[in-house]
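Raw contents of work-v9.cif, mmCIF, C-alpha atoms and all ligand atoms:
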```
data_input
loop_
_atom_site.label_atom_id
_atom_site.label_comp_id
_atom_site.auth_asym_id
_atom_site.auth_seq_id
_atom_site.Cartn_x
_atom_site.Cartn_y
_atom_site.Cartn_z
CA MET A 1 0.00 0.00 0.00
CA LYS A 2 2.82 2.38 0.88
CA ARG A 3 4.42 1.71 -2.46
CA PHE A 4 1.17 2.56 -4.19
CA ILE A 5 1.00 5.96 -2.46
CA VAL A 6 4.60 6.75 -3.35
CA LEU A 7 3.95 5.91 -6.99
CA ASN A 8 0.72 7.91 -7.03
CA GLU A 9 2.48 10.97 -8.56
CA GLY A 10 1.53 10.82 -12.21
CA VAL A 11 -1.38 9.19 -14.00
CA VAL A 12 0.91 7.35 -16.40
CA ARG A 13 3.03 5.94 -13.64
CA VAL A 14 -0.04 4.95 -11.69
CA ARG A 15 -1.53 3.24 -14.72
CA LYS A 16 1.72 1.43 -15.34
CA PHE A 17 1.82 0.49 -11.72
CA HIS A 18 -1.76 -0.73 -11.86
CA ARG A 19 -0.94 -2.83 -14.86
CA ARG A 20 2.06 -4.23 -13.10
CA LEU A 21 0.10 -4.64 -9.91
CA GLY A 22 -2.57 -6.48 -11.86
CA GLN A 23 0.01 -8.71 -13.45
CA SER A 24 1.79 -9.37 -10.22
CA LEU A 25 -1.52 -10.01 -8.47
CA VAL A 26 -2.45 -12.51 -11.14
CA ALA A 27 0.98 -14.06 -10.81
CA THR A 28 0.70 -14.07 -7.04
CA ILE A 29 -2.76 -15.62 -7.13
CA ALA A 30 -1.54 -18.20 -9.64
CA ALA A 31 1.42 -18.97 -7.42
CA LEU A 32 -0.78 -19.20 -4.35
CA THR A 33 -3.20 -21.46 -6.18
CA ALA A 34 -0.32 -23.65 -7.28
CA THR A 35 1.00 -23.72 -3.72
CA VAL A 36 -2.42 -24.66 -2.37
CA ALA A 37 -2.81 -27.34 -5.04
CA ILE A 38 0.63 -28.75 -4.24
CA SER A 39 0.17 -28.64 -0.49
CA THR A 40 -3.29 -30.17 -0.80
CA SER A 41 -2.02 -33.13 -2.76
CA ALA A 42 1.09 -33.35 -0.60
CA SER A 43 -0.90 -33.26 2.60
CA ALA A 44 -3.29 -35.83 1.13
CA GLY A 45 -0.40 -38.29 1.23
CA THR A 46 -0.80 -40.37 4.33
CA ASN A 47 1.19 -43.34 5.43
CA GLY A 48 -0.85 -46.37 6.28
CA PRO A 49 -0.43 -48.21 9.56
CA THR A 50 1.73 -51.29 10.00
CA VAL A 51 -0.29 -54.40 9.37
CA TYR A 52 0.30 -57.96 10.47
CA ASP A 53 -0.84 -61.26 9.06
CA ALA A 54 -3.75 -63.09 10.69
CA SER A 55 -1.46 -64.76 13.25
CA GLY A 56 -0.14 -61.36 14.24
CA TYR A 57 3.54 -62.32 14.22
CA LYS A 58 4.58 -63.98 10.95
CA ALA A 59 4.62 -61.09 8.53
CA TYR A 60 4.11 -57.39 8.45
CA GLY A 61 3.73 -54.66 5.92
CA ILE A 62 3.32 -50.93 5.60
CA PHE A 63 2.51 -48.30 2.99
CA LEU A 64 4.61 -45.15 2.93
CA SER A 65 3.16 -42.28 0.92
CA TYR A 66 6.46 -40.52 0.33
CA GLY A 67 7.72 -42.12 -2.87
CA ASP A 68 4.91 -44.66 -2.79
CA HIS A 69 6.73 -47.47 -1.06
CA ILE A 70 5.24 -50.66 0.24
CA ARG A 71 7.37 -52.69 2.58
CA VAL A 72 6.82 -56.28 3.47
CA ASP A 73 8.72 -58.37 5.96
CA ASP A 74 8.67 -62.12 6.48
CA VAL A 75 9.52 -62.58 10.15
CA TYR A 76 8.69 -66.24 10.57
CA ALA A 77 10.59 -69.26 9.17
CA ASP A 78 7.83 -71.52 7.92
CA GLY A 79 8.58 -71.96 4.24
CA LYS A 80 5.95 -69.40 3.34
CA SER A 81 6.67 -65.94 2.05
CA ALA A 82 5.08 -62.73 3.20
CA VAL A 83 3.14 -60.68 0.70
CA VAL A 84 1.39 -57.34 0.88
CA VAL A 85 -1.77 -57.55 -1.18
CA TRP A 86 -2.92 -54.10 -2.18
CA ASN A 87 -5.42 -52.52 -4.48
CA ASP A 88 -4.74 -49.53 -6.62
CA PRO A 89 -7.61 -47.07 -7.21
CA HIS A 90 -8.79 -49.15 -10.17
CA LEU A 91 -9.17 -52.06 -7.76
CA ILE A 92 -6.52 -54.03 -9.54
CA GLU A 93 -4.94 -56.37 -7.02
CA ARG A 94 -1.19 -56.08 -6.77
CA HIS A 95 1.40 -57.94 -4.74
CA CYS A 96 4.61 -56.98 -2.99
CA TRP A 97 6.49 -60.10 -1.92
CA ASP A 98 9.25 -60.76 0.55
CA SER A 99 10.43 -63.98 -1.05
CA ASN A 100 14.10 -64.00 -0.05
CA GLY A 101 13.69 -65.75 3.28
CA SER A 102 12.60 -64.79 6.74
CA ASN A 103 14.17 -62.55 9.36
CA ASN A 104 16.54 -60.85 6.98
CA GLY A 105 14.95 -57.42 6.70
CA TYR A 106 12.03 -56.08 4.76
CA THR A 107 11.64 -55.97 1.03
CA ASP A 108 10.80 -52.57 -0.40
CA CYS A 109 8.52 -52.27 -3.41
CA ASN A 110 8.74 -48.89 -5.08
CA TYR A 111 5.61 -47.83 -6.95
CA ASN A 112 4.46 -44.69 -8.64
CA ILE A 113 0.92 -43.97 -7.56
CA ARG A 114 -0.98 -40.83 -8.52
CA GLU A 115 -0.94 -38.22 -5.75
CA GLY A 116 -3.92 -38.49 -3.47
CA ASP A 117 -4.94 -41.92 -4.65
CA TYR A 118 -6.33 -44.34 -2.14
CA VAL A 119 -4.29 -47.46 -1.46
CA ASP A 120 -5.72 -50.26 0.62
CA TYR A 121 -3.62 -53.19 1.66
CA ARG A 122 -3.19 -56.14 3.94
CA VAL A 123 -0.43 -58.65 4.53
CA CYS A 124 -0.77 -62.38 3.95
CA LEU A 125 1.36 -65.49 3.64
CA GLY A 126 1.84 -67.23 0.35
CA ASP A 127 4.01 -69.32 -1.91
CA TYR A 128 5.98 -67.04 -4.12
CA GLY A 129 6.73 -69.72 -6.72
CA SER A 130 3.12 -70.52 -7.48
CA GLY A 131 1.85 -67.10 -6.49
CA TYR A 132 -0.72 -68.72 -4.24
CA ILE A 133 -1.83 -66.61 -1.30
CA TYR A 134 -3.47 -68.34 1.67
CA PRO A 135 -6.66 -66.38 2.27
CA SER A 136 -6.96 -67.36 5.93
CA THR A 137 -3.53 -65.89 6.67
CA CYS A 138 -4.45 -62.36 5.63
CA GLY A 139 -4.67 -59.75 8.32
CA ARG A 140 -7.03 -56.81 8.36
CA SER A 141 -7.15 -54.32 5.51
CA VAL A 142 -6.03 -50.78 6.10
CA TYR A 143 -5.38 -47.84 3.83
CA GLY A 144 -3.25 -44.87 3.11
CA TYR A 145 -3.17 -42.10 0.52
CA ALA A 146 -0.45 -41.76 -2.06
CA CA A 201 7.81 -67.04 6.43
CA CA A 202 13.01 -61.39 3.68
#
```

As structure tokens - that is how I would like this structure written.
Amino acid sequence: MKRFIVLNEGVVRVRKFHRRLGQSLVATIAALTATVAISTSASAGTNGPTVYDASGYKAYGIFLSYGDHIRVDDVYADGKSAVVVWNDPHLIERHCWDSNGSNNGYTDCNYNIREGDYVDYRVCLGDYGSGYIYPSTCGRSVYGYA
């Protein structure tokens, strides 16, 4: 406002200033809108909780919104692998397996999911070779937002 008063000396300068002010306001609003849009989608990203298989101690998984990672960890030596079963927003079932043995750290699956998309997932036990997942071993479904 102070700057406006200082520039309010000649009509031409004021007009120029108004034009510039208009442009900068448009630019500012555009920038603010972009910021809001970015922060909205960024804040929409929400990690999901850690989930366990039905037994509660043989496998666990998690969804991390930053970078769209799903982690799965086989923590029980029983010849079965751990697998996070998740659905993308098109309800296509996808799998993230820890098939390299138990108790040796999680396996990270790196996806690229559209910002704000809903991801629901659960962790189960299965046979990686055949791809068979034992339905009764699946824990509860939870969700996060990419
Ligand atoms: Ca296992
Ligand atoms: Ca493993």

Residues up to 7 Å from ligand CA 202 (chain A), counting all atoms listed in the file: could you list those as a PyMOL selection string?
-> chain A and resi 73-74+98-107

Within 8 Å of ligand CA 201 (chain A), which residues of chain A come that close, and what is the closest atom pair and distance in Å for each? Count all atoms listed in the file and give it as CSV.
```
residue,atom,partner,partner_atom,distance
A:Lys58,CA,A:CA201,CA,6.3
A:Ala59,CA,A:CA201,CA,7.1
A:Asp74,CA,A:CA201,CA,5.0
A:Val75,CA,A:CA201,CA,6.1
A:Tyr76,CA,A:CA201,CA,4.3
A:Ala77,CA,A:CA201,CA,4.5
A:Asp78,CA,A:CA201,CA,4.7
A:Gly79,CA,A:CA201,CA,5.4
A:Lys80,CA,A:CA201,CA,4.3
A:Ser81,CA,A:CA201,CA,4.7
A:Ala82,CA,A:CA201,CA,6.0
A:Gly101,CA,A:CA201,CA,6.8
A:Ser102,CA,A:CA201,CA,5.3
A:Leu125,CA,A:CA201,CA,7.2
```

Distance of CA of Val123 (chain A) from CA of Gly61 (chain A), expressed in Å to one decimal place =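 CA of Gly61 (chain A) sits 5.9 Å away from CA of Val123 (chain A).
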
Hey, which of A:Val84, A:Cys96, A:Leu91, A:Val51 ends up closest to Cys109 (chain A)? Count all atoms listed in the file.
->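 With all atoms listed in the file as the atom set, the closest residue is A:Cys96.
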
Would you kindly return, as a VMD selection string, each protein, DNA or RNA residue with an atom no farther than 10 Å from any atom of Gly56 (chain A), considering all atoms listed in the file and excluding same-chain residues fewer than 3 positions away?
-> chain A and resid 51 to 53 59 to 60 137 to 139

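Nearest residue to Tyr134 (chain A) among A:Asn112, A:Leu64, A:His69, A:Val85 is A:Val85, counting only C-alpha atoms.
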
May I ask for the distance between CA of Gly144 (chain A) and CA of Pro49 (chain A), given in Å to one decimal place?
->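 Separation between CA of Gly144 (chain A) and CA of Pro49 (chain A): 7.8 Å.
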
Please provide the set of residues having any atom within 8 Å of Tyr66 (chain A), restricted to only C-alpha atoms, with same-chain residues fewer than 3 positions apart removed, written as a VMD selection string.
-> chain A and resid 45 47 69 146

Spatial sel., origin (-0.5, -47.3, 2.8), limit 9 Å, all atoms listed in the file, listed as a VMD selection string = chain A and resid 46 to 50 62 to 65 68 to 70 86 118 to 121 142 to 146

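Atom pair CA of Asp108 (chain A) / CA of Val72 (chain A): separated by 6.7 Å.
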
Need the axis-aligned box for region 98-109 of chain A with 5 Å each side, so what are the centre and edges in Å to one decimal, as JSON?
```
{"center_x": 12.5, "center_y": -59.0, "center_z": 3.0, "size_x": 18.0, "size_y": 23.5, "size_z": 22.8}
```
